[in-house]
Structure formats: structure tokens, C-alpha cells
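One file, protein-v8.csv, carrying CSV, C-alpha atoms:
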```
chain,number,residue,atom,x,y,z
B,1,MET,CA,97.8,89.2,-13.2
B,2,ASN,CA,95.8,90.3,-10.2
B,3,ARG,CA,94.1,93.6,-10.0
B,4,LEU,CA,94.4,95.6,-6.8
B,5,VAL,CA,90.9,96.5,-5.7
B,6,MET,CA,91.5,98.5,-2.5
B,7,GLY,CA,94.4,100.8,-1.8
B,8,ASP,CA,94.1,100.7,1.9
B,9,GLU,CA,97.4,99.1,3.1
B,10,LYS,CA,96.0,97.5,6.2
B,11,ASN,CA,93.0,96.1,4.4
B,12,ARG,CA,94.4,95.2,1.1
B,13,VAL,CA,92.2,92.8,-0.9
B,14,ILE,CA,93.1,91.3,-4.3
B,15,GLU,CA,90.4,90.4,-6.7
B,16,LYS,CA,91.9,87.5,-8.7
B,17,GLU,CA,91.2,87.5,-12.4
B,18,ALA,CA,90.3,83.8,-12.2
B,19,SER,CA,87.6,84.6,-9.6
B,20,GLN,CA,84.0,84.3,-10.6
B,21,LEU,CA,83.4,87.9,-9.4
B,22,HIS,CA,86.1,89.3,-11.8
B,23,GLN,CA,84.7,87.2,-14.7
B,24,LEU,CA,81.2,88.3,-14.0
B,25,LYS,CA,82.2,91.9,-14.1
B,26,GLN,CA,83.3,91.5,-17.7
B,27,PHE,CA,79.7,91.4,-18.9
B,28,THR,CA,77.5,92.4,-16.0
B,29,LYS,CA,77.4,95.4,-13.8
B,30,VAL,CA,77.9,94.1,-10.2
B,31,VAL,CA,75.8,95.9,-7.6
B,32,ALA,CA,76.1,95.4,-3.8
B,33,ASP,CA,72.8,94.7,-2.0
B,34,THR,CA,73.2,95.7,1.6
B,35,GLY,CA,72.9,98.5,4.2
B,36,ASP,CA,76.2,97.3,5.7
B,37,PHE,CA,78.3,99.6,3.5
B,38,ALA,CA,81.6,99.0,5.4
B,39,GLU,CA,81.5,95.5,4.0
B,40,ILE,CA,81.3,96.4,0.3
B,41,LYS,CA,84.5,98.3,-0.4
B,42,GLN,CA,86.5,95.2,-1.0
B,43,TYR,CA,84.2,94.0,-3.8
B,44,SER,CA,84.3,97.3,-5.8
B,45,PRO,CA,80.7,97.3,-6.9
B,46,GLU,CA,79.4,99.9,-9.4
B,47,ASP,CA,76.1,100.6,-7.8
B,48,SER,CA,74.5,99.7,-4.5
B,49,THR,CA,70.9,98.9,-3.4
B,50,THR,CA,69.2,99.0,-0.1
B,51,ASN,CA,65.7,98.3,1.2
B,52,PRO,CA,63.9,98.9,4.5
B,53,THR,CA,64.8,95.4,5.8
B,54,LEU,CA,68.5,95.9,5.0
B,55,ILE,CA,68.5,99.3,6.7
B,56,TYR,CA,66.7,97.9,9.7
B,57,LYS,CA,69.3,95.1,10.0
B,58,ALA,CA,72.2,97.6,9.6
B,59,VAL,CA,71.0,100.0,12.3
B,60,ALA,CA,70.7,97.1,14.7
B,61,LYS,CA,74.5,96.9,14.5
B,62,ASP,CA,76.6,98.9,16.9
B,63,GLU,CA,78.8,100.3,14.2
B,64,TYR,CA,75.9,102.1,12.5
B,65,LYS,CA,74.1,103.3,15.7
B,66,HIS,CA,75.8,106.8,15.2
B,67,ILE,CA,73.9,107.2,11.9
B,68,LEU,CA,70.6,106.5,13.7
B,69,ASP,CA,71.6,109.0,16.4
B,70,LYS,CA,72.4,111.6,13.9
B,71,ALA,CA,69.1,111.2,12.1
B,72,VAL,CA,67.3,111.6,15.4
B,73,THR,CA,69.3,114.5,16.7
B,74,ASP,CA,69.0,116.4,13.4
B,75,ASN,CA,65.2,116.3,13.3
B,76,ARG,CA,64.3,116.3,17.0
B,77,VAL,CA,62.9,119.9,17.0
B,78,LYS,CA,61.4,120.0,13.5
B,79,SER,CA,57.9,118.7,14.2
B,80,SER,CA,55.7,118.3,17.2
B,81,ASP,CA,53.5,115.7,15.5
B,82,SER,CA,55.2,112.5,16.6
B,83,GLU,CA,54.1,110.3,13.6
B,84,ARG,CA,55.3,112.9,11.1
B,85,LEU,CA,58.5,113.3,13.0
B,86,VAL,CA,59.2,109.6,13.0
B,87,ASN,CA,58.6,109.4,9.2
B,88,LYS,CA,60.9,112.4,8.7
B,89,ILE,CA,63.6,110.7,10.7
B,90,ILE,CA,63.2,107.4,8.7
B,91,ASP,CA,63.6,109.4,5.4
B,92,ASN,CA,66.6,111.1,6.9
B,93,LEU,CA,68.1,107.8,8.0
B,94,LEU,CA,67.7,106.3,4.5
B,95,ILE,CA,69.5,109.4,3.0
B,96,LEU,CA,72.3,109.2,5.5
B,97,PHE,CA,72.9,105.6,4.5
B,98,GLY,CA,72.7,106.6,0.9
B,99,LEU,CA,75.3,109.3,1.3
B,100,GLU,CA,77.7,107.0,3.1
B,101,ILE,CA,77.3,104.4,0.3
B,102,LEU,CA,77.9,107.1,-2.4
B,103,ASN,CA,81.2,107.9,-0.8
B,104,ILE,CA,82.3,104.3,-1.6
B,105,ILE,CA,80.8,103.5,-5.0
B,106,PRO,CA,81.3,105.3,-8.3
B,107,GLY,CA,77.7,104.7,-9.5
B,108,ARG,CA,74.2,105.0,-8.2
B,109,VAL,CA,72.5,104.2,-4.9
B,110,SER,CA,68.9,103.0,-4.7
B,111,THR,CA,66.7,104.5,-1.9
B,112,GLU,CA,63.2,103.0,-1.4
B,113,VAL,CA,60.0,104.9,-1.1
B,114,ASP,CA,57.9,104.0,2.0
B,115,ALA,CA,56.2,100.6,1.1
B,116,ARG,CA,53.0,102.0,2.7
B,117,LEU,CA,52.7,104.2,-0.4
B,118,SER,CA,52.6,101.2,-2.8
B,119,PHE,CA,49.1,101.9,-3.9
B,120,ASP,CA,49.3,105.7,-3.8
B,121,THR,CA,50.6,107.3,-7.0
B,122,LYS,CA,50.5,110.9,-5.7
B,123,GLY,CA,52.1,109.9,-2.4
B,124,THR,CA,54.9,108.1,-4.1
B,125,VAL,CA,55.6,111.0,-6.4
B,126,GLU,CA,55.7,113.4,-3.5
B,127,LYS,CA,57.9,111.1,-1.4
B,128,ALA,CA,60.3,110.6,-4.3
B,129,HIS,CA,60.7,114.4,-4.8
B,130,GLU,CA,61.4,114.8,-1.0
B,131,ILE,CA,64.1,112.1,-1.2
B,132,ILE,CA,65.7,113.7,-4.3
B,133,GLN,CA,65.6,117.1,-2.6
B,134,MET,CA,67.3,115.8,0.5
B,135,TYR,CA,70.1,114.3,-1.7
B,136,GLU,CA,70.4,117.5,-3.7
B,137,ASP,CA,70.7,119.5,-0.4
B,138,ASN,CA,73.7,117.3,0.3
B,139,GLY,CA,75.3,118.0,-3.1
B,140,ILE,CA,74.3,114.7,-4.8
B,141,THR,CA,72.7,115.1,-8.2
B,142,ARG,CA,69.7,113.0,-9.2
B,143,ASP,CA,71.6,111.0,-11.8
B,144,ARG,CA,73.3,109.1,-8.9
B,145,ILE,CA,70.0,108.2,-7.3
B,146,LEU,CA,67.5,105.5,-8.1
B,147,ILE,CA,64.1,105.7,-6.4
B,148,LYS,CA,62.8,102.3,-5.5
B,149,ILE,CA,59.1,101.8,-6.1
B,150,ALA,CA,57.0,98.6,-5.8
B,151,SER,CA,55.9,97.3,-9.2
B,152,THR,CA,52.2,97.8,-8.7
B,153,TRP,CA,50.1,99.6,-11.3
B,154,GLU,CA,50.0,102.7,-9.1
B,155,GLY,CA,53.8,102.4,-8.8
B,156,THR,CA,54.3,102.4,-12.6
B,157,LEU,CA,52.1,105.5,-12.9
B,158,ALA,CA,54.3,107.3,-10.4
B,159,ALA,CA,57.4,106.2,-12.3
B,160,ARG,CA,56.1,107.7,-15.5
B,161,GLU,CA,55.7,111.1,-13.8
B,162,LEU,CA,59.1,110.9,-12.1
B,163,GLU,CA,61.0,109.8,-15.1
B,164,LYS,CA,59.6,112.9,-17.0
B,165,LYS,CA,61.3,115.0,-14.3
B,166,GLY,CA,64.6,113.2,-14.7
B,167,ILE,CA,64.1,111.2,-11.5
B,168,HIS,CA,65.2,107.7,-12.2
B,169,CYS,CA,63.2,104.8,-10.9
B,170,ASN,CA,64.2,101.2,-9.8
B,171,MET,CA,61.0,99.1,-9.9
B,172,THR,CA,61.2,96.5,-7.2
B,173,LEU,CA,59.1,93.6,-5.9
B,174,LEU,CA,58.9,92.4,-9.5
B,175,PHE,CA,58.0,88.8,-10.1
B,176,SER,CA,56.5,88.5,-13.5
B,177,LEU,CA,56.8,89.5,-17.2
B,178,PRO,CA,53.6,91.7,-17.1
B,179,GLN,CA,55.0,93.7,-14.2
B,180,ALA,CA,58.2,94.1,-16.2
B,181,ILE,CA,56.5,95.2,-19.4
B,182,ALA,CA,54.4,97.8,-17.5
B,183,CYS,CA,57.6,99.3,-16.0
B,184,ALA,CA,59.3,99.4,-19.4
B,185,GLU,CA,56.3,101.0,-21.0
B,186,VAL,CA,56.4,103.9,-18.6
B,187,GLY,CA,60.1,104.4,-19.2
B,188,ALA,CA,61.4,103.3,-15.8
B,189,THR,CA,65.2,103.4,-15.8
B,190,LEU,CA,65.7,100.0,-14.2
B,191,ILE,CA,63.7,97.0,-12.9
B,192,SER,CA,64.7,94.5,-10.2
B,193,PRO,CA,63.1,91.1,-11.0
B,194,PHE,CA,63.4,88.9,-8.0
B,195,VAL,CA,64.9,85.4,-8.3
B,196,GLY,CA,65.1,83.7,-5.0
B,197,ARG,CA,61.7,84.6,-3.7
B,198,ILE,CA,60.1,82.9,-6.7
B,199,LEU,CA,61.7,79.6,-5.7
B,200,ASP,CA,60.7,80.3,-2.1
B,201,TRP,CA,57.1,80.5,-3.1
B,202,HIS,CA,57.2,77.3,-5.1
B,203,LYS,CA,58.9,75.4,-2.3
B,204,LEU,CA,56.4,76.6,0.2
B,205,THR,CA,53.5,75.8,-2.0
B,206,MET,CA,54.8,72.3,-2.6
B,207,GLU,CA,55.4,71.8,1.1
B,208,GLN,CA,51.9,72.9,1.9
B,209,TYR,CA,50.5,70.4,-0.6
B,210,SER,CA,52.6,67.6,0.8
B,211,GLY,CA,51.3,68.4,4.3
B,212,VAL,CA,54.4,69.7,5.9
B,213,ASP,CA,53.7,72.0,8.8
B,214,ASP,CA,55.4,75.3,9.4
B,215,PRO,CA,58.1,75.3,6.7
B,216,GLY,CA,60.0,78.0,8.5
B,217,GLY,CA,60.3,81.7,8.6
B,218,ASP,CA,60.3,84.2,5.8
B,219,LEU,CA,63.6,84.3,4.0
B,220,GLY,CA,63.3,88.1,3.4
Y,1,MET,CA,66.6,75.2,-14.4
Y,2,ILE,CA,65.8,77.3,-11.4
Y,3,ARG,CA,62.3,78.9,-11.6
Y,4,GLY,CA,63.3,82.5,-10.6
Y,5,VAL,CA,66.2,82.3,-13.1
Y,6,ILE,CA,63.8,81.4,-15.9
Y,7,SER,CA,61.6,84.4,-15.1
Y,8,VAL,CA,64.5,86.9,-15.2
Y,9,LYS,CA,65.8,85.4,-18.5
Y,10,GLU,CA,62.4,85.8,-20.0
Y,11,ILE,CA,62.2,89.4,-19.0
Y,12,TYR,CA,65.8,90.2,-20.2
Y,13,ASN,CA,65.1,88.6,-23.5
Y,14,TYR,CA,61.8,90.3,-24.0
Y,15,PHE,CA,63.4,93.7,-23.3
Y,16,LYS,CA,66.3,93.2,-25.7
Y,17,LYS,CA,64.1,91.7,-28.4
Y,18,TYR,CA,61.7,94.7,-28.3
Y,19,ASN,CA,64.4,97.3,-27.8
Y,20,TYR,CA,63.3,98.6,-24.4
Y,21,THR,CA,66.1,100.6,-22.8
Y,22,THR,CA,65.0,99.8,-19.2
Y,23,GLU,CA,67.9,98.1,-17.5
Y,24,VAL,CA,67.4,94.6,-16.0
Y,25,MET,CA,68.9,93.9,-12.6
Y,26,GLY,CA,68.4,90.4,-11.2
Y,27,ALA,CA,67.9,90.6,-7.4
Y,28,SER,CA,67.1,88.4,-4.3
Y,29,PHE,CA,69.4,85.4,-4.7
Y,30,ARG,CA,69.4,82.3,-2.6
Y,31,ASN,CA,72.7,80.9,-3.9
Y,32,THR,CA,75.5,81.7,-6.3
Y,33,ASP,CA,74.3,79.2,-8.9
Y,34,GLU,CA,71.3,81.5,-9.6
Y,35,ILE,CA,73.8,84.4,-10.0
Y,36,ILE,CA,76.1,82.5,-12.4
Y,37,GLU,CA,73.1,81.4,-14.5
Y,38,LEU,CA,72.3,85.1,-15.1
Y,39,ALA,CA,75.8,86.1,-16.2
Y,40,GLY,CA,75.3,88.7,-19.0
Y,41,CYS,CA,72.3,90.3,-17.4
Y,42,ASP,CA,72.6,94.2,-17.4
Y,43,LEU,CA,73.1,94.3,-13.6
Y,44,LEU,CA,72.9,91.8,-10.7
Y,45,THR,CA,72.5,93.0,-7.1
Y,46,ILE,CA,74.3,90.7,-4.7
Y,47,SER,CA,74.6,90.5,-1.0
Y,48,PRO,CA,78.1,90.7,0.6
Y,49,ASP,CA,78.0,87.0,1.6
Y,50,PHE,CA,77.6,85.9,-2.1
Y,51,LEU,CA,80.1,88.6,-3.3
Y,52,ARG,CA,82.6,86.9,-1.0
Y,53,VAL,CA,81.8,83.5,-2.4
Y,54,LEU,CA,82.2,84.7,-6.0
Y,55,MET,CA,85.4,86.4,-5.1
Y,56,ASP,CA,86.8,83.2,-3.5
Y,57,THR,CA,85.7,80.8,-6.2
Y,58,GLU,CA,88.0,80.3,-9.2
Y,59,LEU,CA,85.9,78.4,-11.7
Y,60,PRO,CA,85.2,79.5,-15.2
Y,61,ILE,CA,81.8,81.1,-15.9
Y,62,GLU,CA,80.2,81.7,-19.3
Y,63,ARG,CA,77.9,84.4,-20.5
Y,64,LYS,CA,74.3,83.2,-20.5
Y,65,LEU,CA,72.5,86.3,-21.6
Y,66,SER,CA,73.1,88.7,-24.5
Y,67,PRO,CA,71.1,91.1,-26.7
Y,68,GLU,CA,72.2,89.1,-29.8
Y,69,LEU,CA,70.8,85.8,-28.4
Y,70,ALA,CA,67.6,87.5,-27.3
Y,71,ARG,CA,66.9,88.9,-30.8
Y,72,GLU,CA,66.9,85.4,-32.3
Y,73,LEU,CA,64.1,84.2,-29.9
Y,74,LYS,CA,60.5,84.0,-30.8
Y,75,MET,CA,58.4,85.9,-28.2
Y,76,GLU,CA,55.0,87.3,-28.5
Y,77,LYS,CA,54.6,91.1,-28.0
Y,78,VAL,CA,52.2,91.9,-25.1
Y,79,ILE,CA,50.1,95.0,-25.2
Y,80,LEU,CA,49.2,96.2,-21.7
Y,81,ASN,CA,46.6,98.5,-20.2
Y,82,GLU,CA,45.5,98.7,-16.6
Y,83,LYS,CA,42.8,96.0,-17.0
Y,84,LYS,CA,45.1,93.6,-18.7
Y,85,PHE,CA,47.9,94.3,-16.2
Y,86,ARG,CA,45.7,93.5,-13.3
Y,87,TRP,CA,44.2,90.5,-15.0
Y,88,LEU,CA,47.6,88.9,-15.9
Y,89,LEU,CA,49.0,89.7,-12.5
Y,90,ASN,CA,46.0,88.0,-10.8
Y,91,GLU,CA,46.3,85.0,-13.0
Y,92,ASP,CA,49.9,84.5,-11.7
Y,93,ALA,CA,49.3,83.3,-8.1
Y,94,MET,CA,53.0,83.4,-7.3
Y,95,ALA,CA,53.5,87.0,-8.4
Y,96,THR,CA,50.3,88.2,-6.8
Y,97,GLU,CA,51.2,86.6,-3.4
Y,98,LYS,CA,54.9,87.6,-3.5
Y,99,LEU,CA,54.1,91.2,-4.4
Y,100,ALA,CA,51.6,91.5,-1.6
Y,101,ASP,CA,53.9,89.7,0.8
Y,102,GLY,CA,56.9,91.9,-0.2
Y,103,ILE,CA,54.9,95.1,0.4
Y,104,ARG,CA,53.8,93.8,3.8
Y,105,CYS,CA,57.3,92.8,4.9
Y,106,PHE,CA,58.8,96.2,3.8
Y,107,ALA,CA,56.0,98.0,5.6
Y,108,ILE,CA,56.6,96.0,8.8
Y,109,ASP,CA,60.3,96.8,8.7
Y,110,THR,CA,59.6,100.5,8.1
Y,111,GLN,CA,57.3,100.3,11.2
Y,112,ASN,CA,60.1,98.5,13.1
Y,113,LEU,CA,62.5,101.3,12.1
Y,114,GLY,CA,59.9,103.8,13.4
Y,115,ALA,CA,59.5,101.9,16.7
Y,116,LEU,CA,63.3,101.9,17.1
Y,117,ILE,CA,63.4,105.7,16.5
Y,118,LYS,CA,60.7,106.3,19.1
Y,119,THR,CA,62.8,104.7,21.8
Y,120,ARG,CA,65.5,107.3,21.0
Y,121,LEU,CA,63.3,110.4,21.0
```

Rendering of file as C-alpha cells:
Amino acid sequence: MNRLVMGDEKNRVIEKEASQLHQLKQFTKVVADTGDFAEIKQYSPEDSTTNPTLIYKAVAKDEYKHILDKAVTDNRVKSSDSERLVNKIIDNLLILFGLEILNIIPGRVSTEVDARLSFDTKGTVEKAHEIIQMYEDNGITRDRILIKIASTWEGTLAARELEKKGIHCNMTLLFSLPQAIACAEVGATLISPFVGRILDWHKLTMEQYSGVDDPGGDLG
Amino acid sequence: MIRGVISVKEIYNYFKKYNYTTEVMGASFRNTDEIIELAGCDLLTISPDFLRVLMDTELPIERKLSPELARELKMEKVILNEKKFRWLLNEDAMATEKLADGIRCFAIDTQNLGALIKTRL
């Protein structure tokens, strides 16, 4: 028997029970990793994750330009300091994407703290509170948000403070067991250990040793 | 087995063995084999391209990870403080470089977003 995933008559998609996606969902929560939220409905993910690269890619598409325009228009008069204004608009843009995604999924969306705060515990905590405030101003409770923080030592200290306030953290850029343990010890809600980028590094290192020039661009 | 897959399995097993409640979500996949090898992980975050492949492929998959299997494994408990964390991370050239590289790349894309916004102000 097939399960109807999407009710939209025009765009009806069937997820077959024999499909690997359906089988995987029996024992693993499937999460969509994208800023391109129009794409994900058909796969019925529980949660969704974004990162600055994915948001940047999404706003380059015509169909999401209106979100960028809204973020700019909503903030244009709020600050005269151009650097602060731009950062404010970036935050607003991330939240607008998050809100759109939350309309589609039943679970949680991950929104990333500015990577330039990766070694700044206090700055990360403040930024996370700002993000949560913006979501709450839009009627979204903090249990549906994961704040993405790089798994540096400073990041884990920020996560400890945030989790005490009921703000859930998704620890990212995680490549090793010690990073994972540090995140678990501070009570982070979730970690995102990276798979593909580990292989990328080993391939690149091997190519360098075997004398291959320019092994190609960053795979992101 | 694929290197990144081994790393995530180790983390998952360690957490389940020592009863950490932190959820484990495998991320950044280069192919669907990596995803299928981690079936049973708490969560997996997958790009739309690979979600499409998984939806269109009708081959059986089996659960590779579970709390029950993890508890049977022998793994040494690691006690961390800041010095030990920094030392162990530095000993791991891959993790050190990929963490640094990841932060740089996300910072660049945030700056790119900023530059794009400036053109619209």
C-alpha cells in the first residue's frame, strides 16, 4: 500500500512503502537540509536545517527574491549604522526563511548563529537570544527552534548557558568524538556530526601527497 | 567503510552506551550510500537531491545503528576539560582543519549575504 504524502491535487506525490526513504523513516527521523523550502514538501521531513551557504544559494533564486526584499524593506529605517543594519537584515532574512519552513514541517527548524561569533561565547549567547526573540515575536515557541552553533570550546560554553534557558542548540561543524562529547557534557539538545566533509579531507590530503595539482573547488 | 560514516557511528555508539540524551543527526552527505550506512541514527539531515534518490529507489535497507547494539560495545569513557578538549582536537588534523575551514566558509557566505543586501539598500 502506498501512503499519500501530499494532498495538493496538482502536485500529488506518492511515497512508496518500498522506497528507501519510507524504510529509513521507520527508524530514523528524516530532516531536510536546504534553504529551498518549496522543494521539501513532497518528502514530508520532520525537521529542517539551513546554514548560511544554503540561505545564500536560496536567495540567489528568483523565487525567493521577495523574501530578501521583505527583509530589506522591513529594516531599512531601523538603523543608520550600515554594518549594524546589514547584520540586522541578515538575521531577519534567516528568520523569514525559518518561518516559511515551519509552515511546511511539523517539527523544528535550525537557524545558525553568525559564524563570525564562533570564538565568542557572550556574543553567541546574545545572538541566540535575539533569534529566539524574533521567532517568539512571530508566534513561534522556542521548542520549535534549534540554534546552530559551531562546535568550538567557546560554542559549547554558549550552549550550556542557552540550554539552561530552555533554548535548544544544534552543534554544527562537528568532525570528531571529543567535540561530540564536549557538546553532550554541556547538555546540548542535538549534534550534527559531518560525514562527507571528512572524506573530502582525506581525498584532498591523499591527492596532495600524490602530487595532484588543484583537486577542485570546495564541496561545501 | 567510509571514513565519515565510521566517525558518526562511533559518536552515536558512545552516546547510547553512556546514556547521553543529546540527539545525533548525521549531516553533510556526498552520496546515498553514506546515508543508508547510518540507518538507525537518531536523525539524518539530507539535501533535496538525495531525498529524491531515496524516494525513487526501491531496494531494501537494514538498520545499522541501535541503542541495544551500542550498549554491547566496549568503549573507553573520555573525561574532558578545556585543556584536554583543545589537545585532542589539535591531535586530529582533519577535525582541526575542517572546523577552521567550515567557520571560514560560513563567514564568507554570511559576508556574501551582506554584500547582496547592500546592493538593495

Pro193 in chain B environment, 12 Å, all atoms listed in the file, sequence neighbours closer than 2 positions dropped, as a PyMOL selection string: (chain B and resi 150-151+170-181+183+190-191+195-198) or (chain Y and resi 4-12+23-29+38+41-45+95+98-99)

Contact set, chain B to chain Y: 6 Å, all atoms listed in the file, as a PyMOL selection string: chain B and resi 18-21+27-34+52-53+56+86+115-116+173+175+177+184+189-196+198-199

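Between CA of His168 in chain B and CA of Ala188 in chain B the interatomic distance comes to 6.8 Å.
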
Counting all atoms listed in the file, the option among B:Glu163, B:Glu100, B:Asp143, B:Asp91 closest to Val125 in chain B: B:Glu163

Residue contacts of Leu69 in chain Y (9 Å, only C-alpha atoms) excluding same-chain residues fewer than 4 positions away, as a VMD selection string: chain Y and resid 13 17 65 73

Residues near Lys122 in chain B, cut-off 12 Å, only C-alpha atoms, skip fewer than 2 positions along chain, as an MDAnalysis selection string: chainID B and resid 117:120 124:129 154:162

d(CA of Ser110 in chain B, CA of Lys148 in chain B) in Å: 6.2 Å

For range 83-99 of chain Y, write N, CA, C and O atoms out as a compact mmCIF listing (two decimals), in the first residue's frame.
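Resulting contents of part-v3.txt:
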```txt
# COMPACT_ATOMS: atom_id res chain seq x y z
N LYS Y 83 41.47 21.98 28.53
CA LYS Y 83 42.81 21.64 28.04
C LYS Y 83 42.79 20.35 27.23
O LYS Y 83 43.40 20.26 26.17
N LYS Y 84 42.07 19.36 27.74
CA LYS Y 84 42.02 18.06 27.07
C LYS Y 84 41.27 18.19 25.73
O LYS Y 84 41.68 17.60 24.72
N PHE Y 85 40.18 18.96 25.74
CA PHE Y 85 39.42 19.19 24.51
C PHE Y 85 40.33 19.79 23.43
O PHE Y 85 40.40 19.30 22.31
N ARG Y 86 41.02 20.86 23.81
CA ARG Y 86 41.87 21.54 22.82
C ARG Y 86 43.00 20.63 22.35
O ARG Y 86 43.37 20.64 21.18
N TRP Y 87 43.54 19.84 23.29
CA TRP Y 87 44.63 18.93 22.92
C TRP Y 87 44.14 17.87 21.95
O TRP Y 87 44.73 17.66 20.89
N LEU Y 88 43.04 17.21 22.28
CA LEU Y 88 42.54 16.13 21.42
C LEU Y 88 42.12 16.65 20.05
O LEU Y 88 42.34 16.00 19.03
N LEU Y 89 41.52 17.84 20.03
CA LEU Y 89 41.11 18.42 18.75
C LEU Y 89 42.34 18.72 17.90
O LEU Y 89 42.40 18.41 16.71
N ASN Y 90 43.35 19.27 18.52
CA ASN Y 90 44.59 19.60 17.80
C ASN Y 90 45.31 18.36 17.30
O ASN Y 90 45.95 18.37 16.25
N GLU Y 91 45.20 17.26 18.04
CA GLU Y 91 45.82 16.00 17.62
C GLU Y 91 45.16 15.45 16.36
O GLU Y 91 45.73 14.63 15.65
N ASP Y 92 43.92 15.85 16.11
CA ASP Y 92 43.16 15.37 14.97
C ASP Y 92 43.24 16.42 13.86
O ASP Y 92 42.48 17.38 13.84
N ALA Y 93 44.18 16.22 12.94
CA ALA Y 93 44.43 17.23 11.89
C ALA Y 93 43.18 17.48 11.05
O ALA Y 93 42.84 18.62 10.72
N MET Y 94 42.47 16.38 10.72
CA MET Y 94 41.28 16.52 9.89
C MET Y 94 40.25 17.40 10.58
O MET Y 94 39.74 18.37 10.01
N ALA Y 95 39.92 17.06 11.85
CA ALA Y 95 38.87 17.82 12.56
C ALA Y 95 39.30 19.27 12.76
O ALA Y 95 38.49 20.19 12.60
N THR Y 96 40.56 19.48 13.07
CA THR Y 96 41.07 20.85 13.27
C THR Y 96 40.90 21.66 11.99
O THR Y 96 40.38 22.78 12.01
N GLU Y 97 41.33 21.09 10.87
CA GLU Y 97 41.28 21.83 9.61
C GLU Y 97 39.85 22.01 9.10
O GLU Y 97 39.50 23.08 8.60
N LYS Y 98 39.02 20.97 9.24
CA LYS Y 98 37.65 21.10 8.73
C LYS Y 98 36.81 22.05 9.57
O LYS Y 98 35.94 22.75 9.04
N LEU Y 99 37.06 22.08 10.87
CA LEU Y 99 36.35 23.04 11.73
C LEU Y 99 36.74 24.46 11.32
O LEU Y 99 35.86 25.31 11.11
```
